[in-house]
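The file model00.txt comes next; it holds compact mmCIF, C-alpha atoms.
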```txt
# COMPACT_ATOMS: atom_id res chain seq x y z
CA MET A 1 0.00 0.00 0.00
CA ARG A 2 2.84 2.40 0.82
CA ALA A 3 4.39 2.12 -2.68
CA MET A 4 1.38 3.75 -4.32
CA PRO A 5 1.67 7.23 -2.67
CA ILE A 6 5.45 7.34 -3.28
CA THR A 7 4.96 6.42 -6.95
CA VAL A 8 2.30 9.10 -7.36
CA THR A 9 4.50 11.68 -5.61
CA ALA A 10 7.51 10.78 -7.79
CA LEU A 11 5.40 10.97 -10.95
CA ALA A 12 3.97 14.36 -9.92
CA ALA A 13 7.49 15.69 -9.20
CA ALA A 14 8.74 14.46 -12.59
CA LEU A 15 5.84 16.14 -14.39
CA LEU A 16 6.41 19.37 -12.48
CA LEU A 17 10.09 19.41 -13.44
CA THR A 18 9.24 18.65 -17.07
CA ALA A 19 6.76 21.56 -17.13
CA CYS A 20 9.54 23.94 -16.02
CA ASP A 21 11.87 22.88 -18.85
CA SER A 22 12.28 25.46 -21.62
CA GLY A 23 12.77 22.63 -24.09
CA GLY A 24 16.11 24.03 -25.22
CA GLY A 25 14.31 26.37 -27.65
CA ASP A 26 14.38 30.11 -28.00
CA THR A 27 15.83 31.91 -24.98
CA ASN A 28 15.31 35.43 -26.29
CA ASP A 29 13.37 37.20 -23.52
CA GLU A 30 11.34 39.12 -26.10
CA LYS A 31 9.96 35.90 -27.58
CA THR A 32 9.26 33.83 -24.51
CA THR A 33 7.03 34.33 -21.53
CA GLY A 34 7.34 32.79 -18.15
CA SER A 35 4.31 31.55 -16.33
CA GLY A 36 2.64 34.79 -15.36
CA GLY A 37 5.60 36.92 -16.54
CA ALA A 38 5.14 40.03 -18.65
CA CYS A 39 3.71 39.41 -22.12
CA LYS A 40 6.32 39.86 -24.87
CA ILE A 41 5.90 41.14 -28.42
CA GLY A 42 7.46 37.98 -29.90
CA ALA A 43 4.93 35.76 -28.10
CA VAL A 44 1.75 37.55 -29.15
CA GLY A 45 -0.12 37.90 -32.41
CA VAL A 46 -1.15 41.45 -33.34
CA GLU A 47 -4.17 42.66 -35.34
CA VAL A 48 -4.75 46.35 -36.07
CA GLY A 49 -7.84 47.93 -37.53
CA PRO A 50 -9.95 51.04 -37.31
CA VAL A 51 -13.03 50.94 -35.15
CA ASN A 52 -13.97 54.19 -36.83
CA ALA A 53 -11.40 56.10 -38.86
CA ALA A 54 -11.69 59.91 -38.78
CA PRO A 55 -12.92 60.92 -42.25
CA ALA A 56 -11.90 64.61 -42.21
CA ALA A 57 -9.68 67.10 -40.38
CA GLY A 58 -11.07 67.83 -36.91
CA ASP A 59 -12.89 64.49 -36.65
CA SER A 60 -12.01 61.91 -34.00
CA GLY A 61 -11.14 58.34 -34.85
CA ASN A 62 -10.26 55.13 -33.05
CA VAL A 63 -7.86 52.38 -34.04
CA SER A 64 -8.11 49.11 -32.15
CA VAL A 65 -5.12 46.85 -31.50
CA THR A 66 -5.82 43.26 -30.50
CA ILE A 67 -3.09 41.04 -29.13
CA THR A 68 -3.43 37.28 -28.83
CA ASN A 69 -1.11 35.39 -26.50
CA THR A 70 0.56 32.62 -28.52
CA GLY A 71 2.91 31.54 -25.71
CA SER A 72 2.50 30.41 -22.15
CA GLU A 73 0.44 32.40 -19.64
CA CYS A 74 1.60 36.01 -19.36
CA THR A 75 0.56 39.28 -17.74
CA LEU A 76 -0.25 42.77 -18.98
CA ASP A 77 0.21 45.22 -16.12
CA GLY A 78 -0.04 48.86 -17.18
CA PHE A 79 -0.55 50.74 -20.43
CA PRO A 80 0.99 50.08 -23.83
CA ALA A 81 3.64 52.64 -24.83
CA LEU A 82 2.82 54.13 -28.25
CA THR A 83 4.93 56.35 -30.49
CA LEU A 84 3.77 57.98 -33.72
CA GLN A 85 6.43 58.04 -36.45
CA ALA A 86 6.43 60.84 -39.03
CA GLY A 87 9.65 60.52 -40.99
CA ALA A 88 12.51 61.52 -38.67
CA THR A 89 10.03 62.86 -36.10
CA SER A 90 8.55 60.64 -33.42
CA SER A 91 6.04 61.62 -30.80
CA ALA A 92 4.81 59.68 -27.76
CA VAL A 93 1.08 59.18 -27.32
CA ALA A 94 -0.32 60.12 -23.90
CA ARG A 95 -2.32 57.71 -21.78
CA ASP A 96 -6.05 58.28 -21.62
CA GLU A 97 -6.36 60.21 -18.34
CA ALA A 98 -9.79 58.72 -17.62
CA ALA A 99 -8.58 55.12 -18.02
CA GLN A 100 -7.46 52.89 -15.15
CA ALA A 101 -4.92 50.20 -15.92
CA GLN A 102 -5.85 46.75 -14.70
CA LYS A 103 -3.61 43.73 -14.41
CA LEU A 104 -4.67 41.12 -16.96
CA THR A 105 -3.41 37.56 -17.08
CA LEU A 106 -3.63 36.03 -20.55
CA ALA A 107 -3.71 32.26 -20.95
CA LYS A 108 -2.49 30.77 -24.24
CA ASP A 109 -4.77 31.96 -27.08
CA ALA A 110 -6.47 34.61 -24.88
CA THR A 111 -6.82 38.13 -26.27
CA ALA A 112 -6.75 41.71 -25.02
CA THR A 113 -7.27 45.00 -26.82
CA PHE A 114 -6.34 48.64 -26.48
CA THR A 115 -7.49 51.65 -28.45
CA LEU A 116 -5.62 54.58 -29.96
CA THR A 117 -7.95 57.60 -30.15
CA TYR A 118 -6.83 60.50 -32.34
CA VAL A 119 -8.01 63.73 -33.94
CA ARG A 120 -7.36 63.90 -37.66
CA GLY A 121 -5.27 66.86 -38.77
CA ALA A 122 -5.22 68.78 -42.05
CA ALA A 123 -3.00 67.02 -44.58
CA GLY A 124 0.40 68.72 -44.71
CA GLY A 125 -0.69 71.37 -42.23
CA THR A 126 1.64 73.01 -39.72
CA LYS A 127 -0.70 71.95 -36.92
CA SER A 128 -0.60 68.26 -37.76
CA LEU A 129 1.79 65.34 -37.79
CA SER A 130 2.12 63.37 -41.03
CA VAL A 131 2.16 59.94 -39.37
CA LYS A 132 3.48 57.02 -41.43
CA ALA A 133 3.83 54.32 -38.75
CA VAL A 134 3.07 53.54 -35.12
CA LYS A 135 5.32 51.66 -32.68
CA PHE A 136 4.06 50.12 -29.49
CA ALA A 137 5.60 48.22 -26.60
CA LEU A 138 3.87 46.08 -24.01
CA PRO A 139 4.33 46.95 -20.32
CA GLY A 140 7.48 45.46 -18.83
CA ALA A 141 9.04 44.73 -22.25
CA ASP A 142 11.48 46.62 -24.46
CA ALA A 143 10.71 45.17 -27.89
CA THR A 144 8.27 47.07 -30.09
CA HIS A 145 5.79 46.16 -32.78
CA ASP A 146 5.41 48.53 -35.74
CA PHE A 147 2.41 48.96 -37.99
CA ASP A 148 1.73 51.23 -40.95
CA TRP A 149 -0.56 54.21 -40.36
CA SER A 150 -3.09 54.81 -43.12
CA TYR A 151 -5.61 57.01 -41.29
CA GLY A 152 -4.34 60.46 -42.29
CA ASP A 153 -2.40 63.15 -40.47
CA VAL A 154 -2.86 63.50 -36.70
CA ALA A 155 -3.66 66.93 -35.30
CA LEU A 156 -1.30 68.52 -32.79
CA LYS A 157 -2.63 69.82 -29.48
CA ASN A 158 -3.12 73.58 -29.48
CA GLY A 159 0.21 75.39 -29.36
CA THR A 160 2.30 72.22 -28.84
CA ASP A 161 4.14 69.60 -30.83
CA GLN A 162 2.23 66.81 -29.02
CA PRO A 163 -0.26 64.73 -30.99
CA ASP A 164 -3.94 65.09 -30.15
CA ALA A 165 -4.15 61.39 -29.38
CA SER A 166 -4.40 59.04 -26.42
CA VAL A 167 -4.10 55.33 -25.69
CA SER A 168 -6.51 53.35 -23.55
CA ALA A 169 -5.75 50.71 -20.98
CA PHE A 170 -5.86 47.02 -21.95
CA GLN A 171 -9.25 45.33 -21.92
CA GLN A 172 -9.87 41.58 -21.87
CA ALA A 173 -11.37 40.48 -25.19
CA GLY A 174 -13.21 37.40 -26.35
CA ASP A 175 -14.98 34.83 -24.21
```
Could you show the structure in this file as structure tokens?
Amino acid sequence: MRAMPITVTALAAALLLTACDSGGGDTNDEKTTGSGGACKIGAVGVEVGPVNAAPAAGDSGNVSVTITNTGSECTLDGFPALTLQAGATSSAVARDEAAQAQKLTLAKDATATFTLTYVRGAAGGTKSLSVKAVKFALPGADATHDFDWSYGDVALKNGTDQPDASVSAFQQAGD
């Protein structure tokens, strides 16, 4: 009778140790996630699309970014860091002041979204930024993901060189 609990304990220990093994694969921190560690760009899928693109100068628009965890369980704790790229000029996007960041744990294949809200500027105007691309980083990670911007110039805030744009906190998506 005593052999059974020892066998079960030994089997459980072996399985636990096997689960901790990285498998000798990729050790780049930007591509792997630890159980509950920060989500990394290389271990998530990214989809970008307008929720509603701003049709004319002065209109507001929203672009949604959905990330899908393709690795092991990971955590999003904070806001994404976004930068608008306009040729040699780059400009950070402010956090939505009304948004509260929440800590989200994403299991494999789970998704989360965030939204970039912007005011469209006049094309080629001195009070707008001719954005060509957007870079974003996940909280707790250095690597960035770039995507092309096709939603027109972004207005600058009155009297500043800061874009009239903001980024929301992460929201759990899907079921």
Neighbouring residues of A:Gly61 were defined as those with any atom within 6 Å, considering all atoms listed in the file; residues of the same chain fewer than 5 positions away were excluded. Please report them as an MDAnalysis selection string.
chainID A and resid 52:54 117:118
Write out, as a PDB file, in the coordinates of the input, the residues just selected, with C-alpha atoms.
```
ATOM      1  CA  ASN A  52     -13.970  54.190 -36.830  1.00  0.00           C
ATOM      2  CA  ALA A  53     -11.400  56.100 -38.860  1.00  0.00           C
ATOM      3  CA  ALA A  54     -11.690  59.910 -38.780  1.00  0.00           C
ATOM      4  CA  THR A 117      -7.950  57.600 -30.150  1.00  0.00           C
ATOM      5  CA  TYR A 118      -6.830  60.500 -32.340  1.00  0.00           C
TER       6      TYR A 118
END
```
Separation of atom CA of A:Ala133 from atom CA of A:Thr83 in Å:
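Between atom CA of A:Thr83 and atom CA of A:Ala133 the gap works out to 8.6 Å.
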Which residue is closest to A:Thr115? Choose from A:Pro55, A:Gly140, A:Pro80, A:Gly159 and count all atoms listed in the file.
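Going through A:Pro55, A:Gly140, A:Pro80, A:Gly159 one by one, the smallest distance to A:Thr115 is for A:Pro80.
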Among the residues A:Ala143, A:Ala57, A:Val65, A:Leu129, the one that comes closest to A:Gln171 [using only C-alpha atoms]:
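Answer, going by the shortest atom-to-atom distance: A:Val65.
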Figure out the distance between atom CA of A:Thr111 and atom CA of A:Trp149, please, to one decimal in Å.
22.3 Å
Could you work out how far atom CA of A:Gly78 lies from atom CA of A:Ala165, giving the answer in Å with one decimal?
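These atoms are spaced 18.0 Å apart.
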List every protein, DNA or RNA residue with an atom no more than 6 Å from (2.0, 32.5, -28.0) in the file's coordinates, counting all atoms listed in the file, and format the result as a ChimeraX atom specification.
/A:43-44,69-71
